[in-house]
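Student: Enclosed is the structure file upload_25.pdb (PDB, C-alpha atoms).
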```pdb
ATOM      1  CA  MET A 199       5.513 -49.495 -75.533
ATOM      2  CA  HIS A 200       6.804 -51.111 -72.401
ATOM      3  CA  PRO A 201       4.289 -52.861 -70.166
ATOM      4  CA  VAL A 202       3.382 -51.090 -66.908
ATOM      5  CA  ILE A 203       4.461 -53.100 -63.885
ATOM      6  CA  VAL A 204       2.132 -52.727 -60.934
ATOM      7  CA  ILE A 205       3.808 -53.293 -57.555
ATOM      8  CA  PRO A 206       1.517 -54.437 -54.767
ATOM      9  CA  ARG A 207       1.102 -51.771 -52.050
ATOM     10  CA  ARG A 208       2.614 -53.986 -49.299
ATOM     11  CA  ILE A 209       5.767 -54.592 -51.352
ATOM     12  CA  ALA A 210       6.033 -50.887 -52.216
ATOM     13  CA  VAL A 211       5.884 -49.904 -48.550
ATOM     14  CA  THR A 212       8.575 -52.480 -47.737
ATOM     15  CA  ILE A 213      10.860 -51.085 -50.449
ATOM     16  CA  VAL A 214      10.442 -47.533 -49.137
ATOM     17  CA  LEU A 215      11.291 -48.644 -45.591
ATOM     18  CA  VAL A 216      14.403 -50.501 -46.776
ATOM     19  CA  LEU A 217      15.596 -47.491 -48.751
ATOM     20  CA  TYR A 218      15.017 -45.264 -45.687
ATOM     21  CA  LEU A 219      17.038 -47.579 -43.450
ATOM     22  CA  LEU A 220      19.868 -47.761 -45.968
ATOM     23  CA  ALA A 221      19.999 -43.975 -46.445
ATOM     24  CA  PRO A 222      22.914 -42.090 -44.811
ATOM     25  CA  ILE A 223      22.118 -41.229 -41.196
ATOM     26  CA  SER A 224      22.805 -37.675 -40.026
ATOM     27  CA  GLN A 225      24.459 -37.941 -36.643
ATOM     28  CA  ALA A 226      24.491 -35.242 -33.994
ATOM     29  CA  ASP A 227      27.811 -33.554 -33.317
ATOM     30  CA  SER A 228      29.050 -32.819 -29.807
ATOM     31  CA  TYR A 229      30.219 -29.344 -28.798
ATOM     32  CA  THR A 230      31.544 -27.785 -25.601
ATOM     33  CA  LEU A 231      29.707 -24.992 -23.803
ATOM     34  CA  ALA A 232      32.076 -23.171 -21.431
ATOM     35  CA  ILE A 233      30.574 -21.167 -18.568
ATOM     36  CA  THR A 234      32.311 -18.409 -16.629
ATOM     37  CA  PRO A 235      32.896 -19.653 -13.031
ATOM     38  CA  THR A 236      30.522 -17.488 -10.991
ATOM     39  CA  MET A 237      29.739 -20.522  -8.795
ATOM     40  CA  PRO A 238      31.434 -23.822  -7.838
ATOM     41  CA  LYS A 239      32.283 -26.163 -10.731
ATOM     42  CA  GLU A 240      29.714 -28.850  -9.890
ATOM     43  CA  GLN A 241      27.018 -26.247  -9.300
ATOM     44  CA  THR A 242      27.809 -24.579 -12.620
ATOM     45  CA  GLU A 243      27.414 -27.890 -14.452
ATOM     46  CA  GLU A 244      24.064 -28.559 -12.792
ATOM     47  CA  TYR A 245      22.740 -25.007 -12.953
ATOM     48  CA  TYR A 246      23.322 -24.509 -16.678
ATOM     49  CA  ARG A 247      22.288 -27.981 -17.812
ATOM     50  CA  PRO A 248      18.853 -26.666 -18.900
ATOM     51  CA  LEU A 249      20.584 -24.247 -21.286
ATOM     52  CA  ALA A 250      22.717 -27.020 -22.789
ATOM     53  CA  GLU A 251      19.672 -29.288 -23.160
ATOM     54  CA  TYR A 252      17.594 -26.517 -24.727
ATOM     55  CA  LEU A 253      20.279 -25.795 -27.325
ATOM     56  CA  GLY A 254      20.564 -29.520 -27.997
ATOM     57  CA  THR A 255      16.839 -29.821 -28.597
ATOM     58  CA  ARG A 256      16.753 -26.804 -30.901
ATOM     59  CA  THR A 257      19.841 -27.702 -32.954
ATOM     60  CA  GLY A 258      19.921 -31.502 -32.884
ATOM     61  CA  HIS A 259      23.452 -31.495 -31.441
ATOM     62  CA  VAL A 260      24.893 -32.299 -28.027
ATOM     63  CA  PHE A 261      26.377 -29.596 -25.785
ATOM     64  CA  GLN A 262      28.715 -30.619 -22.976
ATOM     65  CA  ILE A 263      29.200 -28.037 -20.221
ATOM     66  CA  GLU A 264      32.816 -27.111 -19.532
ATOM     67  CA  ALA A 265      33.284 -25.621 -16.040
ATOM     68  CA  HIS A 266      36.275 -24.636 -13.903
ATOM     69  CA  HIS A 267      36.907 -24.401 -10.177
ATOM     70  CA  ASN A 268      37.928 -20.726 -10.178
ATOM     71  CA  TYR A 269      38.798 -17.743 -12.351
ATOM     72  CA  VAL A 270      42.535 -18.392 -12.327
ATOM     73  CA  ALA A 271      42.066 -21.886 -13.790
ATOM     74  CA  TYR A 272      39.512 -20.501 -16.235
ATOM     75  CA  TRP A 273      41.876 -17.750 -17.377
ATOM     76  CA  GLU A 274      44.734 -20.225 -17.851
ATOM     77  CA  ALA A 275      42.565 -22.506 -19.990
ATOM     78  CA  MET A 276      41.360 -19.569 -22.055
ATOM     79  CA  ARG A 277      44.815 -18.070 -22.500
ATOM     80  CA  ARG A 278      46.586 -21.319 -23.435
ATOM     81  CA  GLU A 279      43.907 -23.269 -25.244
ATOM     82  CA  ASN A 280      40.818 -21.182 -26.088
ATOM     83  CA  THR A 281      39.223 -24.272 -27.604
ATOM     84  CA  ALA A 282      35.660 -24.073 -26.265
ATOM     85  CA  ASP A 283      33.117 -24.222 -29.092
ATOM     86  CA  LEU A 284      30.598 -22.015 -27.337
ATOM     87  CA  VAL A 285      31.019 -19.711 -24.329
ATOM     88  CA  LEU A 286      28.735 -17.837 -21.941
ATOM     89  CA  ASP A 287      31.090 -15.226 -20.565
ATOM     90  CA  ALA A 288      31.583 -11.833 -18.922
ATOM     91  CA  PRO A 289      32.218  -8.818 -21.178
ATOM     92  CA  HIS A 290      35.988  -8.543 -20.654
ATOM     93  CA  PHE A 291      36.570 -12.244 -21.380
ATOM     94  CA  THR A 292      34.206 -12.061 -24.365
ATOM     95  CA  GLY A 293      36.142  -9.072 -25.670
ATOM     96  CA  TYR A 294      39.406 -10.961 -25.192
ATOM     97  CA  ARG A 295      38.143 -13.955 -27.189
ATOM     98  CA  VAL A 296      36.912 -11.623 -29.933
ATOM     99  CA  ALA A 297      40.201  -9.737 -30.117
ATOM    100  CA  LYS A 298      42.631 -12.615 -29.642
ATOM    101  CA  ALA A 299      40.883 -15.693 -31.014
ATOM    102  CA  ASN A 300      38.333 -14.414 -33.536
ATOM    103  CA  TYR A 301      35.288 -15.609 -31.588
ATOM    104  CA  GLN A 302      31.924 -14.378 -32.859
ATOM    105  CA  VAL A 303      29.336 -12.898 -30.487
ATOM    106  CA  LEU A 304      25.938 -14.503 -31.111
ATOM    107  CA  ALA A 305      23.717 -12.907 -28.477
ATOM    108  CA  LYS A 306      23.834 -11.351 -25.018
ATOM    109  CA  ILE A 307      21.765 -11.574 -21.876
ATOM    110  CA  ARG A 308      19.332  -8.689 -21.721
ATOM    111  CA  ASP A 309      20.203  -5.606 -19.690
ATOM    112  CA  THR A 310      23.547  -4.664 -18.157
ATOM    113  CA  LEU A 311      25.867  -5.926 -15.427
ATOM    114  CA  SER A 312      27.210  -4.076 -12.395
ATOM    115  CA  PHE A 313      28.758  -4.868  -9.015
ATOM    116  CA  SER A 314      27.932  -3.450  -5.605
ATOM    117  CA  LEU A 315      30.458  -2.914  -2.844
ATOM    118  CA  VAL A 316      28.550  -3.888   0.304
ATOM    119  CA  THR A 317      29.179  -4.101   4.040
ATOM    120  CA  ASN A 318      27.282  -5.779   6.847
ATOM    121  CA  GLU A 319      24.300  -3.893   8.214
ATOM    122  CA  ASP A 320      26.235  -2.900  11.362
ATOM    123  CA  LEU A 321      29.039  -1.236   9.359
ATOM    124  CA  LEU A 322      27.906   1.928   7.617
ATOM    125  CA  LEU A 323      30.459   3.461   5.230
ATOM    126  CA  PHE A 324      30.064   6.186   2.617
ATOM    127  CA  GLU A 325      32.990   5.685   0.243
ATOM    128  CA  PRO A 326      35.438   2.909  -0.737
ATOM    129  CA  ALA A 327      38.417   4.799   0.743
ATOM    130  CA  GLU A 328      37.078   4.009   4.222
ATOM    131  CA  LEU A 329      37.915   0.351   3.534
ATOM    132  CA  ILE A 330      41.667   0.924   3.219
ATOM    133  CA  GLY A 331      43.390  -1.608   5.446
ATOM    134  CA  LYS A 332      40.192  -3.630   5.922
ATOM    135  CA  LYS A 333      39.322  -7.023   4.392
ATOM    136  CA  VAL A 334      37.317  -6.940   1.156
ATOM    137  CA  VAL A 335      36.303 -10.212  -0.511
ATOM    138  CA  THR A 336      35.474 -11.055  -4.116
ATOM    139  CA  PRO A 337      36.645 -13.635  -6.663
ATOM    140  CA  ALA A 338      40.239 -12.894  -7.611
ATOM    141  CA  SER A 339      41.272 -11.046 -10.726
ATOM    142  CA  PRO A 340      40.910 -11.726 -13.626
ATOM    143  CA  SER A 341      37.254 -12.070 -12.642
ATOM    144  CA  LEU A 342      35.392  -8.920 -13.636
ATOM    145  CA  SER A 343      34.666  -8.124  -9.988
ATOM    146  CA  GLY A 344      38.362  -8.542  -9.139
ATOM    147  CA  VAL A 345      39.299  -6.191 -11.962
ATOM    148  CA  GLU A 346      36.674  -3.655 -10.844
ATOM    149  CA  LEU A 347      37.855  -3.836  -7.228
ATOM    150  CA  ALA A 348      41.436  -3.091  -8.294
ATOM    151  CA  ARG A 349      40.193  -0.090 -10.264
ATOM    152  CA  MET A 350      38.516   1.295  -7.129
ATOM    153  CA  PHE A 351      41.887   1.423  -5.370
ATOM    154  CA  PRO A 352      44.471   2.531  -7.957
ATOM    155  CA  HIS A 353      46.960   3.886  -5.408
ATOM    156  CA  GLN A 354      49.420   1.116  -4.507
ATOM    157  CA  MET A 355      49.976   2.439  -0.976
ATOM    158  CA  ARG A 356      46.294   2.895  -0.155
ATOM    159  CA  GLN A 357      44.731  -0.540  -0.506
ATOM    160  CA  PRO A 358      42.279  -2.720   1.380
ATOM    161  CA  THR A 359      43.303  -6.273   2.203
ATOM    162  CA  MET A 360      41.868  -8.058  -0.816
ATOM    163  CA  VAL A 361      40.760 -11.596   0.010
ATOM    164  CA  SER A 362      39.931 -13.820  -2.956
ATOM    165  CA  THR A 363      37.143 -16.389  -3.006
ATOM    166  CA  GLN A 364      36.277 -19.026  -5.579
ATOM    167  CA  ASN A 365      32.844 -17.564  -6.267
ATOM    168  CA  PHE A 366      30.343 -14.931  -5.159
ATOM    169  CA  ASN A 367      28.438 -17.236  -2.833
ATOM    170  CA  GLN A 368      31.617 -17.717  -0.810
ATOM    171  CA  ALA A 369      32.269 -13.971  -0.804
ATOM    172  CA  LEU A 370      28.819 -13.203   0.540
ATOM    173  CA  GLU A 371      29.100 -15.964   3.151
ATOM    174  CA  ARG A 372      32.429 -14.581   4.385
ATOM    175  CA  LEU A 373      30.937 -11.124   4.677
ATOM    176  CA  LYS A 374      27.862 -12.224   6.590
ATOM    177  CA  SER A 375      29.871 -14.432   8.934
ATOM    178  CA  GLY A 376      31.983 -11.437   9.939
ATOM    179  CA  ARG A 377      35.204 -12.629   8.273
ATOM    180  CA  ALA A 378      35.371  -9.568   6.022
ATOM    181  CA  SER A 379      34.418  -5.913   6.235
ATOM    182  CA  ALA A 380      33.060  -5.698   2.683
ATOM    183  CA  ALA A 381      32.419  -7.682  -0.479
ATOM    184  CA  LEU A 382      32.085  -6.816  -4.150
ATOM    185  CA  ILE A 383      29.062  -8.735  -5.414
ATOM    186  CA  PRO A 384      26.887  -8.694  -8.571
ATOM    187  CA  THR A 385      24.210  -6.108  -7.858
ATOM    188  CA  PRO A 386      21.225  -8.447  -8.443
ATOM    189  CA  LEU A 387      22.614 -10.852  -5.825
ATOM    190  CA  VAL A 388      22.249  -8.257  -3.061
ATOM    191  CA  SER A 389      19.393  -6.198  -4.461
ATOM    192  CA  GLY A 390      16.743  -5.920  -1.773
ATOM    193  CA  ASP A 391      18.963  -7.583   0.851
ATOM    194  CA  THR A 392      18.351  -5.560   4.027
ATOM    195  CA  THR A 393      21.235  -7.260   5.857
ATOM    196  CA  VAL A 394      23.863  -5.365   3.832
ATOM    197  CA  ASN A 395      24.680  -1.713   3.153
ATOM    198  CA  THR A 396      25.726  -0.583  -0.303
ATOM    199  CA  VAL A 397      28.800   1.664  -0.370
ATOM    200  CA  THR A 398      28.973   2.131  -4.146
ATOM    201  CA  THR A 399      27.970   0.453  -7.400
ATOM    202  CA  THR A 400      30.169   0.162 -10.489
ATOM    203  CA  GLU A 401      29.290   1.607 -13.871
ATOM    204  CA  PRO A 402      27.089  -0.831 -15.802
ATOM    205  CA  VAL A 403      28.624  -2.820 -18.650
ATOM    206  CA  PRO A 404      27.024  -5.139 -21.220
ATOM    207  CA  HIS A 405      25.763  -8.340 -19.641
ATOM    208  CA  HIS A 406      27.276 -11.767 -20.303
ATOM    209  CA  ALA A 407      27.379 -12.816 -23.951
ATOM    210  CA  VAL A 408      27.331 -16.094 -25.824
ATOM    211  CA  SER A 409      30.179 -16.279 -28.324
ATOM    212  CA  ALA A 410      31.248 -19.009 -30.729
ATOM    213  CA  SER A 411      34.613 -20.334 -31.826
ATOM    214  CA  PRO A 412      35.563 -19.638 -35.458
ATOM    215  CA  ASP A 413      35.782 -23.430 -35.837
ATOM    216  CA  LEU A 414      32.083 -23.871 -35.081
ATOM    217  CA  PRO A 415      30.249 -24.419 -38.394
ATOM    218  CA  SER A 416      28.402 -21.323 -39.574
ATOM    219  CA  GLU A 417      25.077 -23.170 -39.827
ATOM    220  CA  VAL A 418      25.388 -24.299 -36.200
ATOM    221  CA  ARG A 419      26.210 -20.737 -35.116
ATOM    222  CA  GLN A 420      23.073 -19.530 -36.857
ATOM    223  CA  GLN A 421      20.958 -22.243 -35.235
ATOM    224  CA  ILE A 422      22.278 -21.294 -31.791
ATOM    225  CA  ARG A 423      21.742 -17.568 -32.361
ATOM    226  CA  GLN A 424      18.162 -18.167 -33.489
ATOM    227  CA  ALA A 425      17.472 -20.497 -30.548
ATOM    228  CA  LEU A 426      18.732 -17.926 -28.032
ATOM    229  CA  LEU A 427      16.991 -14.887 -29.519
ATOM    230  CA  THR A 428      13.636 -16.663 -29.742
ATOM    231  CA  ALA A 429      13.812 -18.538 -26.424
ATOM    232  CA  HIS A 430      11.247 -16.231 -24.820
ATOM    233  CA  GLU A 431       8.710 -17.098 -27.535
ATOM    234  CA  SER A 432       8.250 -20.789 -26.696
ATOM    235  CA  GLU A 433       7.232 -22.709 -23.580
ATOM    236  CA  ALA A 434      10.452 -24.748 -23.679
ATOM    237  CA  GLY A 435      12.544 -21.614 -24.018
ATOM    238  CA  GLN A 436      10.696 -19.798 -21.244
ATOM    239  CA  ALA A 437      11.139 -22.787 -18.936
ATOM    240  CA  MET A 438      14.884 -22.808 -19.659
ATOM    241  CA  LEU A 439      15.231 -19.077 -19.019
ATOM    242  CA  GLU A 440      13.410 -19.400 -15.713
ATOM    243  CA  LYS A 441      15.611 -22.290 -14.560
ATOM    244  CA  VAL A 442      18.869 -20.445 -15.284
ATOM    245  CA  ASN A 443      17.455 -17.116 -14.049
ATOM    246  CA  ILE A 444      18.015 -15.268 -17.310
ATOM    247  CA  SER A 445      15.533 -12.616 -18.434
ATOM    248  CA  GLY A 446      16.155 -13.403 -22.079
ATOM    249  CA  PHE A 447      18.659 -12.874 -24.869
ATOM    250  CA  GLU A 448      19.019  -9.968 -27.279
ATOM    251  CA  PRO A 449      21.135  -9.249 -30.383
ATOM    252  CA  ALA A 450      24.786  -8.267 -29.919
ATOM    253  CA  ASP A 451      27.969  -8.160 -31.989
ATOM    254  CA  ASN A 452      31.742  -8.129 -31.688
ATOM    255  CA  ASP A 453      31.983  -4.335 -31.731
ATOM    256  CA  LEU A 454      30.029  -4.087 -28.484
ATOM    257  CA  TYR A 455      32.428  -6.342 -26.560
ATOM    258  CA  ARG A 456      35.833  -5.830 -28.186
ATOM    259  CA  PRO A 457      36.692  -2.682 -26.140
ATOM    260  CA  TYR A 458      36.216  -4.500 -22.819
ATOM    261  CA  ALA A 459      39.260  -6.687 -23.474
ATOM    262  CA  ALA A 460      41.259  -3.647 -22.332
ATOM    263  CA  LEU A 461      40.097  -4.326 -18.767
ATOM    264  CA  LEU A 462      42.464  -7.291 -18.753
ATOM    265  CA  GLU A 463      45.538  -5.203 -19.526
ATOM    266  CA  GLY A 464      47.976  -5.593 -16.667
ATOM    267  CA  VAL A 465      46.531  -8.982 -15.707
ATOM    268  CA  TRP A 466      49.204 -11.671 -15.617
ATOM    269  CA  GLY A 467      49.405 -13.522 -18.927
ATOM    270  CA  TYR A 468      47.504 -10.954 -21.000
TER
END
```
Please rewrite the model in this file as structure tokens.
Tutor:
Amino acid sequence: MHPVIVIPRRIAVTIVLVLYLLAPISQADSYTLAITPTMPKEQTEEYYRPLAEYLGTRTGHVFQIEAHHNYVAYWEAMRRENTADLVLDAPHFTGYRVAKANYQVLAKIRDTLSFSLVTNEDLLLFEPAELIGKKVVTPASPSLSGVELARMFPHQMRQPTMVSTQNFNQALERLKSGRASAALIPTPLVSGDTTVNTVTTTEPVPHHAVSASPDLPSEVRQQIRQALLTAHESEAGQAMLEKVNISGFEPADNDLYRPYAALLEGVWGY
């Protein structure tokens, strides 16, 4: 029988601490979170920082926001590179990533998305055709609003003068300053605004979705999906949702968004 060696408690604790310090350290990975450019680049980075920080806290990784100055630059980066690890994007861009680059939809913002064609309160119109020859502002195609505006006026000889802006805030400012007759704006942005008249509203489509690159590890995708779908259940998640003005996230899949890639057909570079 071998003698039992009793190690003093203080020495035992020291040994455990040394072994812990020498153990392999799991380091956080860094991933990119691309955001569709509905606002200026710097504002996008600031506005969605709470979302990036929330995902970082829930997953143990770091998420760097990737923003662009306008939809044309965003489309070029998507079409040529498509390297973002994680994306919060409109339905047609989400569908494009699903169809062309095998991205996986993780979750979507609750509810649907639509755009309202509005005029100033002193210009009352009843149908889009009354805007032929007049200035209408919205972010340029391939933004979803730009695509929807083009669909409103399919006849090449009967068009308004389409004026592009970098984002919806600029479009609304141009309208209210009298530099345009109408603007196509996300419906929630003008809902309840008594200084504008609504001419028409587009058919609702699925709201923005979060999709992941096929290169993003499956366990990280699952962590992100779980963090988004349960955000409304925790104080930290609720605080994040309030800061980024999102009602919450709900389940979604590739089949829901894949058909909307067709909205980009005819767009340069598709």
Student: Quick one: of A:Val465, A:Ala305, A:Leu342, A:Glu243, who's nearest to Pro449 in chain A, counting all atoms listed in the file?
Tutor: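 Of the candidates, the smallest distance to Pro449 in chain A is held by A:Ala305.
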Student: Name the residues captured by the PyMOL selection byres ((chain A and resi 237) around 7) when it is applied to the shown file; answer as number ranges by chain.
Tutor: A: 235-236, 238-239, 241-242, 365-367
Student: Please evaluate the PyMOL selection byres ((chain A and resi 376-381) around 6) against the structure above and give the resulting residues as a list in words.
Tutor: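 Applied to this file, the PyMOL selection byres ((chain A and resi 376-381) around 6) selects Leu315, Val316, Thr317, Lys333, Val334, Val335, Thr336, Arg372, Leu373, Lys374, Ser375 and Leu382 of chain A.
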Student: Please determine, counting only C-alpha atoms, which residue among A:Gly344, A:Pro402, A:Gly446, A:Pro412 has the shortest atom-to-atom distance to Ala425 in chain A.
Tutor: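 When distances to Ala425 in chain A are compared using only C-alpha atoms, the smallest one comes from A:Gly446.
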Student: Using only C-alpha atoms, which protein or nucleic acid residues come within 7 Å of range 260-277 of chain A? Drop anything in the same chain fewer than 6 positions from it, and give the result as a PyMOL selection string.
Tutor: chain A and resi 226-233+235+238-239+242-243+250+254+338+340-341+364
Student: Work out where the centre of an axis-aligned box around every listed atom of range 389-406 of chain A lies and how long its edges are once 8 Å is added on each side; give both in Å to one decimal as AutoDock Vina command-line options.
Tutor:
```
--center_x 23.5 --center_y -4.8 --center_z -7.7 --size_x 29.4 --size_y 29.9 --size_z 43.1
```
Student: Kindly resolve the PyMOL selection byres ((chain A and resi 452) around 8) on the present coordinates and return the residues as a ChimeraX atom specification.
Tutor: /A:293,296,302-303,450-451,453-456
Student: What's the separation between CA of Glu319 in chain A and CA of Asn395 in chain A, in Å to one decimal place?
Tutor: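 Computing the Euclidean distance for CA of Glu319 in chain A and CA of Asn395 in chain A yields 5.5 Å.
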Student: Near Ala327 in chain A, within 9 Å and counting all atoms listed in the file, which residues show up once chain neighbours fewer than 6 positions away are dropped, as a ChimeraX atom specification?
Tutor: /A:350-351,356-358
Student: I need the residue nearest Leu329 in chain A from this list: A:Ser445, A:Thr234, A:Thr398, A:Ser416. Use all atoms listed in the file for the distance.
Tutor: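 Among the listed residues, A:Thr398 lies closest to Leu329 in chain A.
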Student: What is the distance, in Å and to one decimal place, between CA of Ala429 in chain A and CA of Pro457 in chain A?
Tutor: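 Interatomic distance here is 27.8 Å.
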Student: In Å to one decimal, how far is CA of Pro289 in chain A from CA of Val408 in chain A?
Tutor: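 For CA of Val408 in chain A relative to CA of Pro289 in chain A, the distance reads 9.9 Å.
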Student: Rank A:Met438, A:Leu462, A:Thr399, A:Glu431 by their smallest atom-to-atom distance to Tyr246 in chain A, using only C-alpha atoms, and report the top residue only.
Tutor: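 Of the candidates, the smallest distance to Tyr246 in chain A is held by A:Met438.
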Student: Give the answer as one residue: which of A:Arg256, A:Thr310, A:Thr400, A:Ser389 has the shortest atom-to-atom distance to Ala348 in chain A, using all atoms listed in the file?
Tutor: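 When distances to Ala348 in chain A are compared using all atoms listed in the file, the smallest one comes from A:Thr400.
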Student: I'd like to know which of A:Ala460, A:Leu311, A:Leu249, A:Leu286 is closest to Leu387 in chain A, using only C-alpha atoms.
Tutor: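 Going through A:Ala460, A:Leu311, A:Leu249, A:Leu286 one by one, the smallest distance to Leu387 in chain A is for A:Leu311.
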